[in-house]
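Novice: File name coords-v2.txt; file contents compact mmCIF, C-alpha atoms; full text below.
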```txt
# COMPACT_ATOMS: atom_id res chain seq x y z
CA MET A 1 36.11 12.56 -82.97
CA SER A 2 39.46 13.43 -81.42
CA ALA A 3 41.12 11.42 -78.68
CA SER A 4 40.64 14.23 -76.16
CA GLU A 5 36.89 14.35 -76.84
CA GLU A 6 36.60 10.56 -76.38
CA MET A 7 38.44 10.82 -73.06
CA ASP A 8 36.12 13.64 -71.93
CA GLU A 9 33.04 11.54 -72.76
CA SER A 10 34.38 8.48 -70.90
CA ALA A 11 35.39 10.62 -67.92
CA ALA A 12 31.93 12.17 -67.56
CA PRO A 13 30.14 8.91 -66.58
CA LEU A 14 32.97 8.11 -64.14
CA ILE A 15 32.57 11.48 -62.43
CA GLU A 16 28.81 10.95 -62.25
CA HIS A 17 29.31 7.52 -60.69
CA LEU A 18 31.77 8.92 -58.14
CA ALA A 19 29.34 11.71 -57.27
CA GLU A 20 26.55 9.14 -56.87
CA LEU A 21 28.80 6.98 -54.68
CA ARG A 22 29.67 9.97 -52.51
CA THR A 23 25.98 10.77 -52.05
CA ARG A 24 25.16 7.19 -51.07
CA LEU A 25 28.09 7.04 -48.63
CA ILE A 26 27.12 10.34 -47.00
CA ARG A 27 23.55 9.15 -46.51
CA SER A 28 24.79 5.86 -45.06
CA VAL A 29 27.14 7.62 -42.63
CA ILE A 30 24.37 10.01 -41.55
CA ALA A 31 22.02 7.06 -40.93
CA PHE A 32 24.73 5.31 -38.91
CA LEU A 33 25.42 8.41 -36.81
CA ILE A 34 21.70 8.89 -36.11
CA GLY A 35 21.38 5.23 -35.09
CA MET A 36 24.48 5.53 -32.90
CA ILE A 37 23.13 8.65 -31.15
CA ILE A 38 19.79 6.93 -30.52
CA CYS A 39 21.52 3.89 -29.05
CA PHE A 40 23.84 6.07 -26.95
CA THR A 41 20.82 7.60 -25.21
CA VAL A 42 19.63 4.11 -24.20
CA ALA A 43 23.05 2.48 -23.86
CA THR A 44 22.41 1.40 -20.25
CA PRO A 45 19.22 -0.61 -20.97
CA ILE A 46 20.90 -2.20 -24.00
CA PHE A 47 23.93 -3.16 -21.93
CA ASN A 48 21.67 -4.54 -19.19
CA PHE A 49 19.95 -6.67 -21.82
CA LEU A 50 23.31 -7.97 -23.06
CA THR A 51 24.19 -9.08 -19.53
CA ASN A 52 21.22 -11.50 -19.37
CA PRO A 53 23.27 -14.64 -20.20
CA LEU A 54 25.79 -13.86 -17.46
CA CYS A 55 23.16 -12.86 -14.90
CA THR A 56 21.18 -16.04 -15.57
CA VAL A 57 24.22 -18.25 -14.94
CA LEU A 58 25.18 -16.30 -11.79
CA SER A 59 21.62 -16.48 -10.49
CA GLU A 60 21.59 -20.26 -10.91
CA ARG A 61 24.78 -20.37 -8.83
CA GLY A 62 23.27 -18.17 -6.11
CA GLN A 63 25.48 -15.18 -6.91
CA ASP A 64 24.67 -11.56 -7.52
CA CYS A 65 25.14 -10.24 -11.04
CA ASP A 66 27.79 -7.58 -10.43
CA LEU A 67 30.16 -6.08 -12.97
CA ILE A 68 32.73 -3.41 -12.21
CA PHE A 69 34.57 -0.57 -13.94
CA ILE A 70 38.32 -0.97 -13.50
CA SER A 71 39.10 2.48 -14.90
CA PRO A 72 37.29 5.85 -14.73
CA GLN A 73 36.67 6.00 -18.49
CA GLU A 74 35.51 2.39 -18.86
CA GLY A 75 31.81 3.25 -18.50
CA PHE A 76 32.07 5.76 -21.34
CA PHE A 77 33.79 3.28 -23.65
CA VAL A 78 31.21 0.62 -22.83
CA ALA A 79 28.47 3.05 -23.87
CA ILE A 80 30.37 3.88 -27.08
CA LYS A 81 30.78 0.20 -28.01
CA VAL A 82 27.11 -0.49 -27.34
CA SER A 83 26.21 2.54 -29.47
CA LEU A 84 28.45 1.40 -32.34
CA LEU A 85 26.92 -2.07 -32.42
CA GLY A 86 23.36 -0.80 -32.03
CA GLY A 87 23.85 2.04 -34.51
CA LEU A 88 25.12 -0.36 -37.15
CA MET A 89 22.14 -2.67 -36.68
CA LEU A 90 19.62 0.20 -36.76
CA SER A 91 21.14 1.83 -39.82
CA PHE A 92 21.75 -1.36 -41.81
CA PRO A 93 18.41 -1.20 -43.68
CA VAL A 94 19.28 2.31 -44.84
CA ILE A 95 22.84 1.31 -45.75
CA ALA A 96 21.57 -1.73 -47.67
CA HIS A 97 19.02 0.43 -49.47
CA GLN A 98 21.69 2.95 -50.48
CA MET A 99 23.92 0.11 -51.67
CA TRP A 100 21.07 -1.29 -53.73
CA ARG A 101 20.22 2.11 -55.25
CA PHE A 102 23.84 2.51 -56.32
CA VAL A 103 24.26 -0.98 -57.79
CA ALA A 104 20.79 -1.59 -59.28
CA PRO A 105 20.99 0.79 -62.28
CA GLY A 106 23.96 -1.15 -63.65
CA LEU A 107 22.27 -4.55 -63.39
CA TYR A 108 20.08 -6.36 -65.89
CA LYS A 109 16.59 -7.39 -64.82
CA ASN A 110 17.60 -11.01 -64.20
CA GLU A 111 20.67 -9.85 -62.25
CA LYS A 112 18.49 -7.66 -60.04
CA GLY A 113 16.28 -10.65 -59.35
CA ALA A 114 19.34 -12.66 -58.39
CA PHE A 115 21.09 -10.05 -56.24
CA LEU A 116 18.14 -8.66 -54.25
CA PRO A 117 17.29 -11.91 -52.37
CA PHE A 118 20.87 -12.16 -51.14
CA LEU A 119 20.82 -8.55 -49.97
CA ILE A 120 17.71 -9.36 -47.92
CA SER A 121 18.80 -12.77 -46.64
CA SER A 122 22.23 -11.57 -45.45
CA PRO A 123 20.98 -9.50 -42.46
CA VAL A 124 18.37 -12.16 -41.68
CA MET A 125 21.06 -14.84 -41.44
CA PHE A 126 23.26 -12.53 -39.36
CA LEU A 127 20.41 -11.97 -36.89
CA LEU A 128 19.83 -15.72 -36.71
CA GLY A 129 23.50 -16.31 -35.96
CA ALA A 130 23.64 -13.49 -33.41
CA SER A 131 20.50 -14.78 -31.68
CA PHE A 132 21.89 -18.31 -31.59
CA ALA A 133 25.12 -17.01 -30.05
CA PHE A 134 23.32 -14.84 -27.48
CA TYR A 135 20.65 -17.30 -26.33
CA VAL A 136 22.46 -20.63 -26.70
CA VAL A 137 26.24 -20.30 -26.87
CA THR A 138 27.03 -17.51 -24.39
CA PRO A 139 25.11 -19.09 -21.46
CA LEU A 140 26.99 -22.36 -21.99
CA ALA A 141 30.32 -20.54 -22.29
CA TYR A 142 29.81 -18.46 -19.14
CA ASP A 143 28.60 -21.50 -17.21
CA PHE A 144 31.85 -23.21 -18.19
CA PHE A 145 34.05 -20.24 -17.25
CA LEU A 146 32.35 -19.59 -13.92
CA GLY A 147 32.80 -23.22 -12.95
CA PHE A 148 36.40 -22.40 -12.00
CA GLN A 149 35.37 -20.25 -9.02
CA GLN A 150 36.28 -21.34 -5.49
CA PHE A 151 33.79 -20.61 -2.74
CA GLY A 152 31.55 -22.44 -0.33
CA ALA A 153 27.77 -22.73 -0.38
CA GLU A 154 27.37 -19.45 1.54
CA GLY A 155 30.14 -17.62 -0.28
CA GLU A 156 32.76 -18.35 2.37
CA ALA A 157 36.36 -19.21 1.57
CA VAL A 158 37.10 -22.79 0.63
CA VAL A 159 38.28 -24.60 3.72
CA GLY A 160 41.86 -25.69 3.55
CA ASP A 161 44.41 -27.27 5.88
CA PRO A 162 46.06 -24.39 7.80
CA ALA A 163 49.23 -26.41 8.08
CA ILE A 164 49.47 -26.69 4.31
CA ALA A 165 47.61 -23.74 2.81
CA PRO A 166 44.97 -21.32 4.07
CA GLY A 167 41.43 -21.29 2.72
CA LEU A 168 41.04 -19.34 -0.50
CA SER A 169 37.97 -17.78 -2.09
CA VAL A 170 38.14 -17.01 -5.83
CA VAL A 171 34.92 -15.29 -6.90
CA PHE A 172 34.04 -13.69 -10.22
CA GLN A 173 34.19 -9.88 -10.28
CA GLY A 174 34.09 -9.11 -13.96
CA SER A 175 34.98 -5.98 -15.86
CA ALA A 176 32.00 -4.57 -17.76
CA GLN A 177 34.18 -3.80 -20.78
CA GLU A 178 35.77 -7.26 -20.87
CA TYR A 179 32.36 -8.91 -20.63
CA LEU A 180 31.01 -6.74 -23.45
CA ASN A 181 34.04 -7.48 -25.64
CA LEU A 182 33.61 -11.24 -25.22
CA THR A 183 29.85 -11.12 -25.80
CA ILE A 184 30.24 -9.02 -28.95
CA LYS A 185 32.92 -11.44 -30.15
CA PHE A 186 30.45 -14.31 -29.82
CA ILE A 187 27.66 -12.39 -31.57
CA VAL A 188 29.81 -11.19 -34.48
CA ALA A 189 31.56 -14.57 -34.93
CA PHE A 190 28.33 -16.56 -35.17
CA GLY A 191 26.61 -13.84 -37.20
CA MET A 192 29.41 -13.95 -39.77
CA CYS A 193 29.50 -17.76 -39.81
CA PHE A 194 25.78 -17.80 -40.62
CA GLN A 195 26.62 -15.86 -43.80
CA LEU A 196 28.21 -19.01 -45.26
CA PRO A 197 25.10 -20.24 -47.15
CA VAL A 198 24.50 -16.73 -48.54
CA LEU A 199 28.10 -16.37 -49.71
CA LEU A 200 28.44 -19.83 -51.26
CA THR A 201 25.03 -19.68 -52.93
CA LEU A 202 25.89 -16.30 -54.44
CA MET A 203 29.21 -17.69 -55.66
CA GLY A 204 27.38 -20.69 -57.09
CA LYS A 205 24.97 -18.40 -58.91
CA ALA A 206 27.96 -16.57 -60.37
CA GLY A 207 29.52 -19.88 -61.44
CA LEU A 208 32.52 -19.54 -59.12
CA VAL A 209 31.78 -22.73 -57.18
CA SER A 210 29.81 -25.90 -57.85
CA ALA A 211 28.02 -28.40 -55.64
CA GLU A 212 30.32 -31.16 -56.86
CA GLY A 213 33.40 -29.08 -56.11
CA LEU A 214 32.18 -28.20 -52.62
CA GLY A 215 31.48 -31.87 -51.98
CA ASN A 216 34.94 -32.90 -53.16
CA VAL A 217 36.67 -30.51 -50.74
CA ARG A 218 34.44 -31.48 -47.81
CA LYS A 219 37.33 -33.00 -45.83
CA TYR A 220 39.36 -29.81 -46.20
CA ALA A 221 36.31 -27.79 -45.18
CA VAL A 222 36.05 -29.86 -41.99
CA VAL A 223 39.65 -28.98 -41.07
CA ALA A 224 39.09 -25.30 -41.89
CA ILE A 225 35.92 -25.20 -39.77
CA LEU A 226 37.77 -26.82 -36.86
CA VAL A 227 40.49 -24.17 -37.09
CA LEU A 228 37.84 -21.45 -37.30
CA ALA A 229 36.06 -22.81 -34.22
CA ALA A 230 39.34 -22.80 -32.29
CA LEU A 231 40.15 -19.22 -33.29
CA VAL A 232 36.85 -17.39 -32.83
CA THR A 233 35.72 -19.10 -29.61
CA PRO A 234 37.35 -19.19 -26.19
CA PRO A 235 39.27 -22.27 -25.06
CA ASP A 236 36.01 -24.01 -24.25
CA VAL A 237 35.38 -27.39 -25.84
CA ILE A 238 31.59 -27.02 -25.61
CA THR A 239 31.35 -23.78 -27.59
CA GLN A 240 33.95 -25.01 -30.09
CA VAL A 241 31.94 -28.17 -30.75
CA ILE A 242 28.72 -26.17 -31.07
CA LEU A 243 30.31 -23.76 -33.56
CA PHE A 244 31.79 -26.65 -35.56
CA VAL A 245 28.45 -28.50 -35.75
CA VAL A 246 26.57 -25.35 -36.74
CA VAL A 247 29.05 -24.18 -39.39
CA TYR A 248 29.44 -27.66 -40.87
CA GLY A 249 25.66 -27.95 -41.04
CA LEU A 250 25.55 -24.61 -42.85
CA TYR A 251 28.21 -25.91 -45.25
CA GLU A 252 26.04 -28.91 -46.12
CA VAL A 253 23.03 -26.60 -46.54
CA SER A 254 25.16 -24.47 -48.87
CA ILE A 255 25.94 -27.51 -51.05
CA PHE A 256 22.21 -28.23 -51.30
CA LEU A 257 21.43 -24.61 -52.22
CA VAL A 258 24.19 -24.48 -54.84
CA LYS A 259 22.85 -27.73 -56.30
CA ARG A 260 19.39 -26.16 -56.59
CA VAL A 261 20.90 -23.12 -58.33
CA GLU A 262 22.69 -25.39 -60.81
CA THR A 263 19.51 -27.39 -61.45
CA LYS A 264 17.50 -24.25 -62.17
CA ARG A 265 20.25 -22.89 -64.42
CA GLU A 266 20.43 -26.14 -66.36
CA ALA A 267 16.64 -26.28 -66.75
CA LYS A 268 16.62 -22.71 -68.06
CA LEU A 269 19.41 -23.39 -70.56
CA ARG A 270 17.70 -26.60 -71.66
CA ALA A 271 14.45 -24.72 -72.25
CA GLU A 272 16.34 -22.16 -74.33
CA GLY A 273 17.88 -24.94 -76.46
CA TYR A 274 21.45 -24.68 -75.19
CA TYR A 275 21.42 -28.29 -73.97
CA ASP A 276 21.22 -31.26 -76.30
CA ASP A 277 19.81 -34.27 -74.45
CA GLU A 278 21.06 -36.68 -77.11
CA GLU A 279 24.63 -35.38 -76.78
CA ASP A 280 24.40 -35.59 -72.99
CA ALA A 281 23.21 -39.21 -73.22
CA SER A 282 26.02 -40.16 -75.57
```
Would you give me this structure, written as structure tokens?
Specialist:
Amino acid sequence: MSASEEMDESAAPLIEHLAELRTRLIRSVIAFLIGMIICFTVATPIFNFLTNPLCTVLSERGQDCDLIFISPQEGFFVAIKVSLLGGLMLSFPVIAHQMWRFVAPGLYKNEKGAFLPFLISSPVMFLLGASFAFYVVTPLAYDFFLGFQQFGAEGEAVVGDPAIAPGLSVVFQGSAQEYLNLTIKFIVAFGMCFQLPVLLTLMGKAGLVSAEGLGNVRKYAVVAILVLAALVTPPDVITQVILFVVVYGLYEVSIFLVKRVETKREAKLRAEGYYDDEEDAS
């Protein structure tokens, strides 16, 4: 067989894979666009739902839950951002399915059994992190931020000494877009942090990390988590501490899961005769 014929035969599978990838990407994009259009039609109810943490805190303080548009196009961009987030969440099952259909033919049976649980657990952990951020973290954060307002019990200006300084009322009048940006930042940050056990367990299954190694670098992980908490949360000690405690807890859970993976791998190799107990004892 000539060199040109060998190149033609090797190029054919590559072209087929690229065509398959294009098909999967097109289907994923179509699913995302459909989900985005659906969410755009109900963007207002979705946005109203996302304002619940803020409205709850304002209600406890006796204030009305009012947000404003500071530019004519802000309402449109708020609807677009809500549609992007909602469209991604609606279309993720389709995107994950297309990803699986593209990857699965090239995997062995045992590799399929190892990869599929992680593909399922990843969105579940993201939803857990997003729910934790929305129902626990954001109310605490907004309660902290709104504590810097200045107004009396009836909404009047804070009484001051006219000879020194007049009374001043500083009341929250938030931008809808700024509120949405901060809320999405919380949701995405905690959703991604909750991927830590999935990522480390997958790396442990691939042999890239070990439970012993993760335990040895625990002190460096603590510093990294502290830096992460300072970067992805506002300058609020409460939310930073919550994020640190949660992510560090997930890190310890990851060590436990990686240890289980190593134990199962060792038991399997021992059953297949790759481990010699006498050599291990010596």
Novice: Provide the CA of Asp64 (chain A) to CA of Phe47 (chain A) distance in Å, to one decimal place.
Specialist: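 CA of Phe47 (chain A) lies at a distance of 16.7 Å from CA of Asp64 (chain A).
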Novice: Can you list, as a PyMOL selection string, every protein, DNA or RNA residue that comes within 9 Å of Ile70 (chain A) when you count all atoms listed in the file, leaving out same-chain residues fewer than 2 positions away?
Specialist: chain A and resi 68+72-74+175-177
Novice: Limited to C-alpha atoms, could you put the picked residues into a file as a CSV table (one decimal), in the coordinates of the input?
Specialist:
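File again-v1.csv, as written:
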```
chain,number,residue,atom,x,y,z
A,68,ILE,CA,32.7,-3.4,-12.2
A,72,PRO,CA,37.3,5.8,-14.7
A,73,GLN,CA,36.7,6.0,-18.5
A,74,GLU,CA,35.5,2.4,-18.9
A,175,SER,CA,35.0,-6.0,-15.9
A,176,ALA,CA,32.0,-4.6,-17.8
A,177,GLN,CA,34.2,-3.8,-20.8
```
Novice: Determine, counting all atoms listed in the file, which protein, DNA and RNA residues have an atom within 10 Å of an atom of region 239-244 of chain A; residues of the same chain fewer than 3 positions away are not included. Present the result as JSON, numbers by chain.
Specialist: {"A": [133, 136, 137, 138, 139, 140, 141, 144, 186, 189, 190, 193, 222, 223, 224, 225, 226, 227, 228, 229, 230, 231, 232, 233, 234, 235, 236, 247, 248, 249, 250]}
Novice: Produce a file of the selected residues containing C-alpha atoms, as a PDB file, keeping the file's coordinate frame.
Specialist:
```pdb
ATOM      1  CA  ALA A 133      25.120 -17.010 -30.050  1.00  0.00           C
ATOM      2  CA  VAL A 136      22.460 -20.630 -26.700  1.00  0.00           C
ATOM      3  CA  VAL A 137      26.240 -20.300 -26.870  1.00  0.00           C
ATOM      4  CA  THR A 138      27.030 -17.510 -24.390  1.00  0.00           C
ATOM      5  CA  PRO A 139      25.110 -19.090 -21.460  1.00  0.00           C
ATOM      6  CA  LEU A 140      26.990 -22.360 -21.990  1.00  0.00           C
ATOM      7  CA  ALA A 141      30.320 -20.540 -22.290  1.00  0.00           C
ATOM      8  CA  PHE A 144      31.850 -23.210 -18.190  1.00  0.00           C
ATOM      9  CA  PHE A 186      30.450 -14.310 -29.820  1.00  0.00           C
ATOM     10  CA  ALA A 189      31.560 -14.570 -34.930  1.00  0.00           C
ATOM     11  CA  PHE A 190      28.330 -16.560 -35.170  1.00  0.00           C
ATOM     12  CA  CYS A 193      29.500 -17.760 -39.810  1.00  0.00           C
ATOM     13  CA  VAL A 222      36.050 -29.860 -41.990  1.00  0.00           C
ATOM     14  CA  VAL A 223      39.650 -28.980 -41.070  1.00  0.00           C
ATOM     15  CA  ALA A 224      39.090 -25.300 -41.890  1.00  0.00           C
ATOM     16  CA  ILE A 225      35.920 -25.200 -39.770  1.00  0.00           C
ATOM     17  CA  LEU A 226      37.770 -26.820 -36.860  1.00  0.00           C
ATOM     18  CA  VAL A 227      40.490 -24.170 -37.090  1.00  0.00           C
ATOM     19  CA  LEU A 228      37.840 -21.450 -37.300  1.00  0.00           C
ATOM     20  CA  ALA A 229      36.060 -22.810 -34.220  1.00  0.00           C
ATOM     21  CA  ALA A 230      39.340 -22.800 -32.290  1.00  0.00           C
ATOM     22  CA  LEU A 231      40.150 -19.220 -33.290  1.00  0.00           C
ATOM     23  CA  VAL A 232      36.850 -17.390 -32.830  1.00  0.00           C
ATOM     24  CA  THR A 233      35.720 -19.100 -29.610  1.00  0.00           C
ATOM     25  CA  PRO A 234      37.350 -19.190 -26.190  1.00  0.00           C
ATOM     26  CA  PRO A 235      39.270 -22.270 -25.060  1.00  0.00           C
ATOM     27  CA  ASP A 236      36.010 -24.010 -24.250  1.00  0.00           C
ATOM     28  CA  VAL A 247      29.050 -24.180 -39.390  1.00  0.00           C
ATOM     29  CA  TYR A 248      29.440 -27.660 -40.870  1.00  0.00           C
ATOM     30  CA  GLY A 249      25.660 -27.950 -41.040  1.00  0.00           C
ATOM     31  CA  LEU A 250      25.550 -24.610 -42.850  1.00  0.00           C
TER      32      LEU A 250
END
```
Novice: Can you work out the spacing between CA of Gly147 (chain A) and CA of Tyr179 (chain A) in Å, to one decimal?
Specialist: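 A separation of 16.2 Å between them.
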Novice: Smallest atom-to-atom distance to Ile120 (chain A): which of A:Pro93, A:Pro45, A:Pro105, A:Pro197, using all atoms listed in the file?
Specialist: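 Counting all atoms listed in the file, the residue closest to Ile120 (chain A) is A:Pro93.
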Novice: Neighbouring residues of Glu20 (chain A) were defined as those with any atom within 12 Å, considering only C-alpha atoms; residues of the same chain fewer than 6 positions away were excluded. Please report them as a PyMOL selection string.
Specialist: chain A and resi 13-14+26-27+98-99+101-103+105
Novice: Between CA of Ile238 (chain A) and CA of Tyr142 (chain A), what is the spacing in Å?
Specialist: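 Straight-line distance from CA of Tyr142 (chain A) to CA of Ile238 (chain A) works out to 10.9 Å.
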